[in-house]
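Pasted below: coords39.csv, CSV, C-alpha atoms.
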chain,number,residue,atom,x,y,z
A,104,MET,CA,22.9,-116.2,107.2
A,105,LYS,CA,22.1,-112.5,107.9
A,106,LYS,CA,20.1,-110.4,105.5
A,107,ARG,CA,22.3,-108.4,103.2
A,108,ILE,CA,21.3,-105.4,101.1
A,109,HIS,CA,22.6,-105.6,97.6
A,110,ILE,CA,22.3,-102.8,95.0
A,111,PHE,CA,24.6,-104.1,92.3
A,112,HIS,CA,24.1,-107.8,92.8
A,113,SER,CA,24.9,-108.5,89.2
A,114,LYS,CA,26.7,-106.9,86.2
A,115,LEU,CA,23.3,-106.4,84.6
A,116,ALA,CA,22.0,-104.5,87.6
A,117,LEU,CA,25.1,-102.2,87.5
A,118,VAL,CA,24.5,-101.6,83.8
A,119,ILE,CA,20.9,-100.6,84.4
A,120,HIS,CA,21.9,-98.3,87.2
A,121,CYS,CA,24.5,-96.6,85.1
A,122,ALA,CA,22.1,-96.2,82.2
A,123,VAL,CA,19.4,-94.7,84.3
A,124,VAL,CA,21.8,-92.3,86.1
A,125,LEU,CA,23.2,-91.2,82.8
A,126,LEU,CA,19.8,-90.5,81.4
A,127,LEU,CA,18.9,-88.5,84.5
A,128,LEU,CA,22.1,-86.5,84.2
A,129,LEU,CA,21.5,-85.6,80.6
A,130,ALA,CA,17.9,-84.7,81.4
A,131,SER,CA,19.0,-82.5,84.3
A,132,LEU,CA,21.5,-80.7,82.1
A,133,PHE,CA,18.9,-80.0,79.4
A,134,VAL,CA,16.1,-79.0,81.7
A,135,SER,CA,18.3,-76.8,83.9
A,136,SER,CA,19.6,-74.9,80.9
A,137,ALA,CA,16.0,-74.4,79.5
A,138,THR,CA,14.1,-73.6,82.7
A,139,THR,CA,13.4,-70.0,83.5
A,140,GLY,CA,10.9,-68.1,85.6
A,141,GLN,CA,9.8,-64.6,86.5
A,142,HIS,CA,12.6,-62.6,88.0
A,143,ILE,CA,14.9,-65.7,87.8
A,144,PRO,CA,18.3,-64.9,86.4
A,145,PRO,CA,19.2,-66.6,83.1
A,146,LYS,CA,20.9,-70.0,83.6
A,147,PHE,CA,20.1,-69.8,87.3
A,148,PHE,CA,19.4,-73.5,87.5
A,149,PHE,CA,22.2,-74.5,85.1
A,150,GLN,CA,24.7,-72.7,87.3
A,151,GLY,CA,23.8,-74.9,90.3
A,152,VAL,CA,23.1,-78.1,88.2
A,153,TRP,CA,25.9,-80.2,89.8
A,154,LEU,CA,24.8,-79.5,93.4
A,155,GLY,CA,21.2,-80.0,92.4
A,156,PHE,CA,22.0,-83.3,90.6
A,157,ALA,CA,23.9,-84.5,93.7
A,158,ILE,CA,20.9,-83.9,95.9
A,159,ASN,CA,18.5,-85.4,93.4
A,160,LEU,CA,20.8,-88.5,93.0
A,161,GLY,CA,20.7,-88.8,96.8
A,162,VAL,CA,16.9,-88.9,96.6
A,163,PHE,CA,17.2,-91.6,93.9
A,164,TYR,CA,19.4,-93.9,95.9
A,165,LEU,CA,17.7,-93.2,99.2
A,166,THR,CA,14.4,-94.2,97.6
A,167,TYR,CA,16.1,-97.3,96.1
A,168,PHE,CA,17.6,-98.2,99.5
A,169,ALA,CA,14.2,-97.8,101.1
A,170,LEU,CA,12.6,-100.2,98.6
A,171,VAL,CA,15.4,-102.8,99.1
A,172,PHE,CA,15.5,-102.5,102.9
A,173,PHE,CA,11.7,-102.5,103.4
A,174,ALA,CA,11.1,-105.3,100.9
A,175,GLY,CA,8.3,-107.5,102.2
A,176,GLN,CA,7.0,-104.8,104.5
A,177,PRO,CA,3.5,-103.2,104.2
A,178,TYR,CA,3.0,-101.0,101.2
A,179,LEU,CA,2.0,-97.9,103.3
A,180,GLN,CA,5.2,-98.2,105.3
A,181,LYS,CA,7.4,-98.0,102.1
A,182,VAL,CA,5.3,-95.1,100.7
A,183,GLY,CA,5.6,-93.2,104.0
A,184,VAL,CA,9.4,-93.5,104.1
A,185,ILE,CA,9.7,-92.4,100.5
A,186,LEU,CA,7.4,-89.4,101.0
A,187,LEU,CA,9.4,-88.4,104.1
A,188,LEU,CA,12.6,-88.5,102.1
A,189,MET,CA,11.1,-86.4,99.3
A,190,VAL,CA,9.7,-83.8,101.6
A,191,LEU,CA,13.1,-83.4,103.3
A,192,ALA,CA,14.9,-83.2,99.9
A,193,VAL,CA,12.4,-80.6,98.6
A,194,CYS,CA,12.8,-78.4,101.7
A,195,ILE,CA,16.6,-78.6,101.5
A,196,SER,CA,16.7,-77.8,97.7
A,197,THR,CA,14.1,-75.0,98.1
A,198,TRP,CA,16.1,-73.4,100.9
A,199,GLY,CA,19.3,-73.7,98.9
A,200,ASP,CA,17.7,-72.1,95.8
A,201,LEU,CA,16.1,-69.2,97.8
A,202,ASN,CA,19.4,-68.6,99.6
A,203,ARG,CA,21.4,-68.6,96.3
A,204,LEU,CA,18.9,-66.3,94.6
A,205,ALA,CA,19.0,-63.8,97.5
A,206,THR,CA,22.8,-63.9,97.5
A,207,THR,CA,23.3,-63.5,93.7
A,208,SER,CA,20.5,-61.1,92.7
A,209,GLY,CA,18.8,-59.9,95.8
A,210,LEU,CA,15.4,-60.1,94.0
A,211,LEU,CA,13.8,-62.6,96.4
A,212,GLU,CA,10.1,-62.2,96.4
A,213,TYR,CA,7.2,-64.1,98.0
A,214,GLN,CA,6.2,-65.9,94.8
A,215,HIS,CA,9.7,-67.4,94.5
A,216,HIS,CA,8.9,-69.7,97.5
A,217,SER,CA,6.0,-71.3,95.6
A,218,TYR,CA,7.9,-71.4,92.4
A,219,PHE,CA,10.9,-73.2,93.9
A,220,LEU,CA,8.7,-75.6,95.9
A,221,LEU,CA,6.8,-76.5,92.7
A,222,VAL,CA,10.0,-77.1,90.6
A,223,ASN,CA,11.8,-79.1,93.3
A,224,SER,CA,8.8,-81.2,94.1
A,225,PHE,CA,8.4,-82.1,90.4
A,226,VAL,CA,12.2,-82.9,90.0
A,227,LYS,CA,12.3,-85.0,93.2
A,228,THR,CA,9.2,-86.9,92.1
A,229,VAL,CA,10.9,-87.7,88.8
A,230,PHE,CA,14.0,-89.0,90.5
A,231,SER,CA,12.0,-91.0,93.0
A,232,PHE,CA,9.9,-92.6,90.4
A,233,SER,CA,13.0,-93.4,88.4
A,234,ALA,CA,14.3,-95.2,91.4
A,235,ILE,CA,11.1,-97.2,91.7
A,236,PHE,CA,11.2,-98.0,88.0
A,237,THR,CA,14.9,-99.2,88.3
A,238,TYR,CA,14.1,-101.3,91.4
A,239,SER,CA,11.1,-102.9,89.7
A,240,ILE,CA,13.1,-103.8,86.5
A,241,ILE,CA,16.0,-105.2,88.5
A,242,ASN,CA,13.7,-107.1,90.9
A,243,LEU,CA,11.8,-108.5,88.0
A,244,ILE,CA,15.0,-109.8,86.4
A,245,LYS,CA,16.2,-111.1,89.7
A,246,GLN,CA,12.9,-113.0,90.2
A,247,ARG,CA,13.2,-114.5,86.8
A,248,GLN,CA,16.7,-115.6,87.5
A,249,HIS,CA,15.6,-117.0,90.8
A,250,PHE,CA,12.8,-119.0,89.1
A,251,ASN,CA,15.3,-120.4,86.6
A,252,LYS,CA,17.6,-121.5,89.4
A,253,ILE,CA,14.7,-123.3,91.2
A,254,LYS,CA,13.7,-124.9,87.9
A,255,LEU,CA,17.3,-126.0,87.2
A,256,ASN,CA,17.7,-127.3,90.8
A,257,THR,CA,14.4,-129.3,90.5
A,258,LEU,CA,15.6,-130.8,87.2
A,259,GLN,CA,19.0,-131.7,88.6
A,260,THR,CA,17.3,-133.3,91.7
A,261,GLU,CA,15.0,-135.3,89.5
A,262,LEU,CA,17.9,-136.4,87.4
A,263,GLU,CA,19.9,-137.6,90.4
A,264,LEU,CA,16.8,-139.3,91.7
A,265,LEU,CA,16.3,-141.1,88.4
A,266,LYS,CA,19.9,-142.2,88.5
A,267,SER,CA,19.5,-143.6,92.0
A,268,GLN,CA,16.2,-145.5,91.3
A,269,THR,CA,17.2,-149.0,90.4
A,270,ASN,CA,13.8,-150.5,89.7
A,271,PRO,CA,12.1,-149.2,92.9
A,272,HIS,CA,9.1,-151.4,92.4
A,273,PHE,CA,11.3,-154.4,92.6
A,274,LEU,CA,12.9,-153.1,95.8
A,275,PHE,CA,9.5,-152.3,97.4
A,276,ASN,CA,8.1,-155.7,96.5
A,277,THR,CA,11.2,-157.4,97.9
A,278,LEU,CA,10.9,-155.4,101.2
A,279,ASN,CA,7.2,-156.2,101.4
A,280,ALA,CA,8.0,-159.9,101.0
A,281,LEU,CA,10.7,-159.7,103.7
A,282,TYR,CA,8.3,-157.9,106.0
A,283,SER,CA,5.6,-160.5,105.5
A,284,LYS,CA,8.0,-163.3,106.1
A,285,ALA,CA,9.4,-161.7,109.3
A,286,TYR,CA,5.9,-161.1,110.6
A,287,VAL,CA,4.7,-164.6,109.9
A,288,SER,CA,7.8,-165.9,111.6
A,289,HIS,CA,6.9,-163.8,114.7
A,290,GLN,CA,10.0,-161.6,114.3
A,291,HIS,CA,8.0,-158.5,114.9
A,292,GLU,CA,10.9,-156.2,115.7
A,293,LEU,CA,12.6,-157.2,112.5
A,294,ALA,CA,9.3,-156.7,110.6
A,295,GLU,CA,9.0,-153.2,112.1
A,296,HIS,CA,12.5,-152.2,111.0
A,297,ILE,CA,11.9,-153.6,107.5
A,298,GLY,CA,8.7,-151.5,107.4
A,299,GLN,CA,10.7,-148.4,108.4
A,300,LEU,CA,13.2,-148.9,105.6
A,301,SER,CA,10.4,-149.4,103.1
A,302,SER,CA,8.6,-146.2,104.2
A,303,LEU,CA,11.9,-144.3,104.2
A,304,MET,CA,12.6,-145.3,100.6
A,305,GLN,CA,9.1,-144.7,99.4
A,306,TYR,CA,9.0,-141.2,100.9
A,307,THR,CA,12.3,-140.3,99.3
A,308,ILE,CA,11.1,-141.4,95.9
A,309,SER,CA,7.5,-140.2,96.0
A,310,GLN,CA,7.9,-136.8,97.8
A,311,SER,CA,11.2,-135.4,96.6
A,312,ASN,CA,9.7,-134.1,93.3
A,313,LYS,CA,7.1,-131.9,95.1
A,314,SER,CA,7.6,-128.3,95.9
A,315,PHE,CA,6.3,-128.5,99.5
A,316,VAL,CA,5.3,-131.4,101.8
A,317,LYS,CA,3.6,-131.4,105.2
A,318,LEU,CA,6.0,-130.7,108.0
A,319,GLU,CA,4.5,-133.7,109.9
A,320,ASP,CA,5.4,-136.0,107.0
A,321,GLU,CA,9.0,-134.7,107.1
A,322,ILE,CA,9.1,-135.4,110.8
A,323,ASP,CA,7.8,-139.0,110.3
A,324,HIS,CA,10.5,-139.5,107.7
A,325,ILE,CA,13.2,-138.3,110.2
A,326,GLU,CA,11.8,-140.6,112.9
A,327,ALA,CA,12.0,-143.6,110.5
A,328,TYR,CA,15.6,-142.7,109.7
A,329,LEU,CA,16.5,-142.4,113.4
A,330,GLY,CA,14.8,-145.8,114.0
A,331,LEU,CA,17.2,-147.4,111.6
A,332,GLN,CA,20.1,-145.7,113.3
A,333,LYS,CA,19.0,-147.1,116.6
A,334,LEU,CA,18.8,-150.6,115.0
A,335,ARG,CA,22.4,-150.1,113.8
A,336,LEU,CA,23.8,-149.1,117.1
A,337,GLY,CA,21.7,-151.0,119.5
A,338,GLU,CA,22.1,-150.0,123.2
A,339,HIS,CA,24.7,-147.3,122.3
A,340,ALA,CA,22.1,-145.3,120.2
A,341,ASN,CA,21.8,-142.2,122.4
A,342,ILE,CA,19.3,-140.3,120.1
A,343,ARG,CA,16.8,-137.7,121.2
A,344,PHE,CA,14.3,-136.1,118.9
A,345,GLU,CA,12.0,-133.4,120.4
A,346,TYR,CA,9.4,-131.3,118.6
A,347,ALA,CA,6.5,-129.0,119.5
A,348,PRO,CA,3.0,-129.8,118.3
A,349,ILE,CA,2.7,-129.3,114.5
A,350,SER,CA,-0.4,-128.1,112.8
A,351,ASN,CA,-1.7,-129.9,109.7
A,352,HIS,CA,-1.2,-126.9,107.3
A,353,GLN,CA,2.5,-126.2,108.0
A,354,GLN,CA,4.7,-127.1,105.0
A,355,ILE,CA,8.4,-127.0,104.0
A,356,PRO,CA,10.3,-128.1,100.9
A,357,PRO,CA,10.9,-131.9,101.0
A,358,MET,CA,14.1,-133.6,102.1
A,359,LEU,CA,15.5,-130.3,103.5
A,360,LEU,CA,16.2,-131.5,107.0
A,361,ASN,CA,17.7,-134.9,106.2
A,362,PRO,CA,21.3,-133.6,105.4
A,363,LEU,CA,21.5,-132.1,108.9
A,364,VAL,CA,20.2,-135.3,110.6
A,365,GLU,CA,22.3,-137.6,108.4
A,366,ASN,CA,25.5,-135.6,109.0
A,367,ALA,CA,24.9,-135.6,112.8
A,368,CYS,CA,24.4,-139.4,112.8
A,369,LYS,CA,27.5,-139.9,110.7
A,370,TYR,CA,29.9,-137.9,112.7
A,371,GLY,CA,28.2,-138.1,116.1
A,372,LEU,CA,27.3,-141.7,116.7
A,373,LEU,CA,29.7,-144.6,117.4
A,374,ASN,CA,29.6,-147.7,119.5
A,375,ASP,CA,30.3,-145.5,122.5
A,376,PRO,CA,27.9,-144.7,125.4
A,377,ASN,CA,29.1,-141.1,125.4
A,378,SER,CA,28.1,-140.4,121.8
A,379,PHE,CA,24.8,-138.7,121.2
A,380,VAL,CA,22.6,-136.9,118.7
A,381,GLU,CA,20.0,-134.4,119.9
A,382,ILE,CA,17.4,-132.8,117.6
A,383,LYS,CA,15.0,-130.1,118.7
A,384,LEU,CA,12.3,-128.6,116.3
A,385,ASN,CA,10.0,-125.7,117.0
A,386,ILE,CA,7.8,-123.3,115.2
A,387,GLU,CA,8.4,-119.6,116.1
A,388,ALA,CA,6.5,-116.8,114.4
A,389,GLU,CA,5.7,-118.7,111.2
A,390,LYS,CA,9.3,-119.9,111.0
A,391,MET,CA,10.6,-123.4,111.6
A,392,VAL,CA,13.7,-123.7,113.8
A,393,ILE,CA,15.6,-126.9,114.0
A,394,ALA,CA,18.8,-127.3,116.2
A,395,VAL,CA,20.8,-130.5,115.6
A,396,SER,CA,23.6,-131.2,118.1
A,397,ASN,CA,25.9,-134.2,118.2
A,398,SER,CA,29.1,-135.4,119.9
A,399,ASN,CA,32.0,-134.2,117.8
A,400,LEU,CA,33.6,-137.5,116.7
A,401,SER,CA,34.6,-136.4,113.2
A,402,VAL,CA,38.3,-137.2,113.7
A,403,LEU,CA,37.6,-140.7,114.9
A,404,VAL,CA,35.0,-141.3,112.2
A,405,LYS,CA,37.4,-140.2,109.4
A,406,GLN,CA,40.1,-142.5,110.8
A,407,SER,CA,37.8,-145.5,110.6
A,408,SER,CA,38.4,-148.0,107.8
A,409,ALA,CA,34.6,-148.0,107.2
A,410,TYR,CA,34.6,-144.2,106.5
A,411,HIS,CA,33.7,-143.1,103.1
A,412,ALA,CA,33.6,-139.4,102.1
A,413,SER,CA,30.0,-138.6,101.1
A,414,GLY,CA,30.7,-135.4,99.1
A,415,SER,CA,29.4,-132.0,100.0
A,416,GLY,CA,25.9,-132.7,101.5
A,417,LEU,CA,25.8,-129.6,103.7
A,418,ASN,CA,27.3,-127.4,100.9
A,419,ASN,CA,24.6,-128.6,98.6
A,420,LEU,CA,22.0,-127.9,101.3
A,421,LEU,CA,23.2,-124.3,101.6
A,422,LYS,CA,23.0,-123.8,97.9
A,423,ARG,CA,19.5,-125.2,97.9
A,424,LEU,CA,18.5,-122.9,100.8
A,425,THR,CA,19.8,-119.9,99.0
A,426,ILE,CA,17.9,-120.8,95.8
A,427,LEU,CA,14.6,-121.5,97.8
A,428,PHE,CA,14.7,-118.7,100.3
A,429,ASP,CA,17.3,-116.2,99.0
A,430,ASP,CA,18.5,-114.4,102.2
A,431,ASN,CA,15.3,-115.2,104.2
A,432,PHE,CA,16.9,-118.0,106.3
A,433,SER,CA,19.4,-118.4,109.0
A,434,TYR,CA,22.1,-121.1,109.2
A,435,GLU,CA,24.4,-121.1,112.2
A,436,VAL,CA,27.2,-123.5,113.1
A,437,ASN,CA,28.8,-123.9,116.5
A,438,ASN,CA,31.8,-126.2,116.2
A,439,GLN,CA,33.2,-127.0,119.6
A,440,PRO,CA,35.8,-129.7,120.5
A,441,ASP,CA,33.2,-132.0,122.1
A,442,THR,CA,30.0,-130.9,120.4
A,443,TYR,CA,28.9,-129.8,116.9
A,444,THR,CA,25.6,-127.9,116.6
A,445,VAL,CA,23.8,-126.6,113.6
A,446,ARG,CA,20.7,-124.3,113.9
A,447,LEU,CA,18.6,-123.7,110.8
A,448,THR,CA,15.7,-121.2,110.6
A,449,ILE,CA,13.4,-121.2,107.5
A,450,PRO,CA,10.0,-119.8,106.7
A,451,CYS,CA,7.2,-122.3,107.4
A,452,ASN,CA,3.9,-121.7,105.6
Show this structure as structure tokens.
Amino acid sequence: MKKRIHIFHSKLALVIHCAVVLLLLLASLFVSSATTGQHIPPKFFFQGVWLGFAINLGVFYLTYFALVFFAGQPYLQKVGVILLLMVLAVCISTWGDLNRLATTSGLLEYQHHSYFLLVNSFVKTVFSFSAIFTYSIINLIKQRQHFNKIKLNTLQTELELLKSQTNPHFLFNTLNALYSKAYVSHQHELAEHIGQLSSLMQYTISQSNKSFVKLEDEIDHIEAYLGLQKLRLGEHANIRFEYAPISNHQQIPPMLLNPLVENACKYGLLNDPNSFVEIKLNIEAEKMVIAVSNSNLSVLVKQSSAYHASGSGLNNLLKRLTILFDDNFSYEVNNQPDTYTVRLTIPCN
């Protein structure tokens, strides 16, 4: 998903913008009718209030755009852009006022330059700070809403997890018993696969309630899942998983990559030597990039009597990504007749 710039991303934001602009308009009408200066004709500013307000409103929204567009950028960069916008607006307004004064009264004097520069600098500063105030209020509300969404998502995940946990200790004890029996019987391959299933279930239950997990643990979980897929398909399991070296401190939200891998295995693997799943994971500039490709066998899979619709796993993944990262992630799908590829890029701390 590409980054989008939203000004009115909610009805509340629209109401706040309208209220601030209305207050600025009323203040402009009042101040322009009351402001006078030496050798300035009466109502000089009031006569040009609409043009002046249009320029000042432009400063307001250019400042607001700069704050939105440069969100996350260094503080000095944002300050520099806003100051540049204000200087240009002050110069334009001062030139306009001097030109209008010379045209209407012909009383243009040297001190008028300083006067108009001072007045326009003050006005542009007020409008610019109003934009900063508006942005801060809306951003604070947005962050609060975002926090509530994450909290709700976490509660829903925990609820679904509790629903799916049918006495997990019993299941783990049973699997451990089967593992021991298989190992004692010298069925080492079977014991290995039982151990993979046990670790898969234990990771799902113990890690899913955390905010972040180590990326290497998530990779181990995927490898355990792929190991079971290889057991299911035997010699027809054409599965490749490649990843670059992972540092110990890199973390991502738990269970975020599983829907991609599970979907690829479900619709890309059959008892066919031509079916395949290929997964590549890399770290690029503090971002994790995972590309999952599989043979596009969705039509054959859906025609199978063993097929069961699993719901909207990828749609839920997209909702979760939006809640966790807002627009700071990329999700690309390339659906070809023979190959289906998903490429996901997310921040990786």
8 Å contact set for A:Gln299, all atoms listed in the file, chain neighbours under 2 positions out, as a ChimeraX atom specification: /A:295-297,301-303,327-328,330-331
Excluding A:Tyr306 and its own-chain neighbours fewer than 4 positions away, which residues fall within 10 Å of it when counting all atoms listed in the file? Please give them as a ChimeraX atom specification. /A:300-302,310-311,320-321,323-324,357-358
My list of candidates is A:Arg203, A:Arg335, A:Tyr167, A:Ile386. Which is closest to A:Pro348 when distances are computed with only C-alpha atoms?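 Checking each of A:Arg203, A:Arg335, A:Tyr167, A:Ile386 against A:Pro348, counting only C-alpha atoms, the winner is A:Ile386.
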Atom CA of A:Ala294 and atom CA of A:Leu334 are how many Å apart? 12.1 Å
Polymer residues at most 10 Å from A:Ala347, all atoms listed in the file, same-chain spacing of 4 or more positions, as a VMD selection string: chain A and resid 383 to 386
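A straight line drawn from atom CA of A:Glu319 to atom CA of A:Val392 is 14.1 Å long.
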Nearest residue to A:Ser217 out of A:Phe148, A:Tyr443, A:Phe232, A:Trp198, using all atoms listed in the file?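 Going through A:Phe148, A:Tyr443, A:Phe232, A:Trp198 one by one, the smallest distance to A:Ser217 is for A:Trp198.
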Considering only C-alpha atoms, return as a list in words whatever protein or nucleic-acid residues lie within 10 Å of stretch 154-158 of chain A, sequence-local ones (same chain, fewer than 3 positions apart) excluded.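 Selected residues are Leu127, Leu128, Ser131, Leu132, Ser135, Phe148, Phe149, Gln150, Gly151, Gly161, Val162, Phe163, Ala192, Val193, Ile195, Ser196, Gly199, Asp200, Asn223, Val226, Lys227 and Phe230 of chain A.
Environment of (27.2, -137.4, 117.1): residues at most 9 Å away, judged by all atoms listed in the file, are Asn341, Ile342, Asn366, Ala367, Cys368, Lys369, Tyr370, Gly371, Leu372, Leu373, Ser378, Phe379, Val380, Glu381, Ser396, Asn397, Ser398, Asn399, Leu400, Ser401, Thr442 and Tyr443 of chain A.
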Separation of atom CA of A:Thr197 from atom CA of A:Leu160 in Å: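 Value for the atom CA of A:Leu160-atom CA of A:Thr197 distance: 15.9 Å.
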Given all atoms listed in the file as the counted atoms, nearest of A:Ala388, A:Asn361, A:Leu255, A:Phe147 to A:Thr307: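 Ranking A:Ala388, A:Asn361, A:Leu255, A:Phe147 by distance to A:Thr307, first place goes to A:Asn361.
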Rank nothing, just name the residue among A:Gly183, A:Pro362, A:Pro440, A:Pro450 nearest to A:Phe315, using only C-alpha atoms.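 Of A:Gly183, A:Pro362, A:Pro440, A:Pro450, the one nearest A:Phe315 is A:Pro450, counting only C-alpha atoms.
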Tell me which of A:Ile240, A:Leu191, A:Leu360, A:Leu417 sits closest to A:Asn159, counting only C-alpha atoms.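 Among the listed residues, the smallest separation from A:Asn159 belongs to A:Leu191.
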Which residue gives the smallest distance to A:Lys313 among A:Leu293, A:Ile349, A:Val287, A:Ile355, with all atoms listed in the file counted?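 So, comparing all the options, the nearest one is A:Ile355.
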Report as a VMD selection string all protein, DNA and RNA residues lying within 10 Å of A:Tyr238, evaluated on all atoms listed in the file, omitting residues in the same chain fewer than 3 positions from it. chain A and resid 110 116 119 to 120 166 to 168 170 to 171 232 to 235 241 to 244
Selected residues, C-alpha atoms, written as a PDB file, in the frame of the given file, please.
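Written out: out_9.pdb:
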ATOM      1  CA  ILE A 110      22.300-102.800  95.000  1.00  0.00           C
ATOM      2  CA  ALA A 116      22.000-104.500  87.600  1.00  0.00           C
ATOM      3  CA  ILE A 119      20.900-100.600  84.400  1.00  0.00           C
ATOM      4  CA  HIS A 120      21.900 -98.300  87.200  1.00  0.00           C
ATOM      5  CA  THR A 166      14.400 -94.200  97.600  1.00  0.00           C
ATOM      6  CA  TYR A 167      16.100 -97.300  96.100  1.00  0.00           C
ATOM      7  CA  PHE A 168      17.600 -98.200  99.500  1.00  0.00           C
ATOM      8  CA  LEU A 170      12.600-100.200  98.600  1.00  0.00           C
ATOM      9  CA  VAL A 171      15.400-102.800  99.100  1.00  0.00           C
ATOM     10  CA  PHE A 232       9.900 -92.600  90.400  1.00  0.00           C
ATOM     11  CA  SER A 233      13.000 -93.400  88.400  1.00  0.00           C
ATOM     12  CA  ALA A 234      14.300 -95.200  91.400  1.00  0.00           C
ATOM     13  CA  ILE A 235      11.100 -97.200  91.700  1.00  0.00           C
ATOM     14  CA  ILE A 241      16.000-105.200  88.500  1.00  0.00           C
ATOM     15  CA  ASN A 242      13.700-107.100  90.900  1.00  0.00           C
ATOM     16  CA  LEU A 243      11.800-108.500  88.000  1.00  0.00           C
ATOM     17  CA  ILE A 244      15.000-109.800  86.400  1.00  0.00           C
TER      18      ILE A 244
END
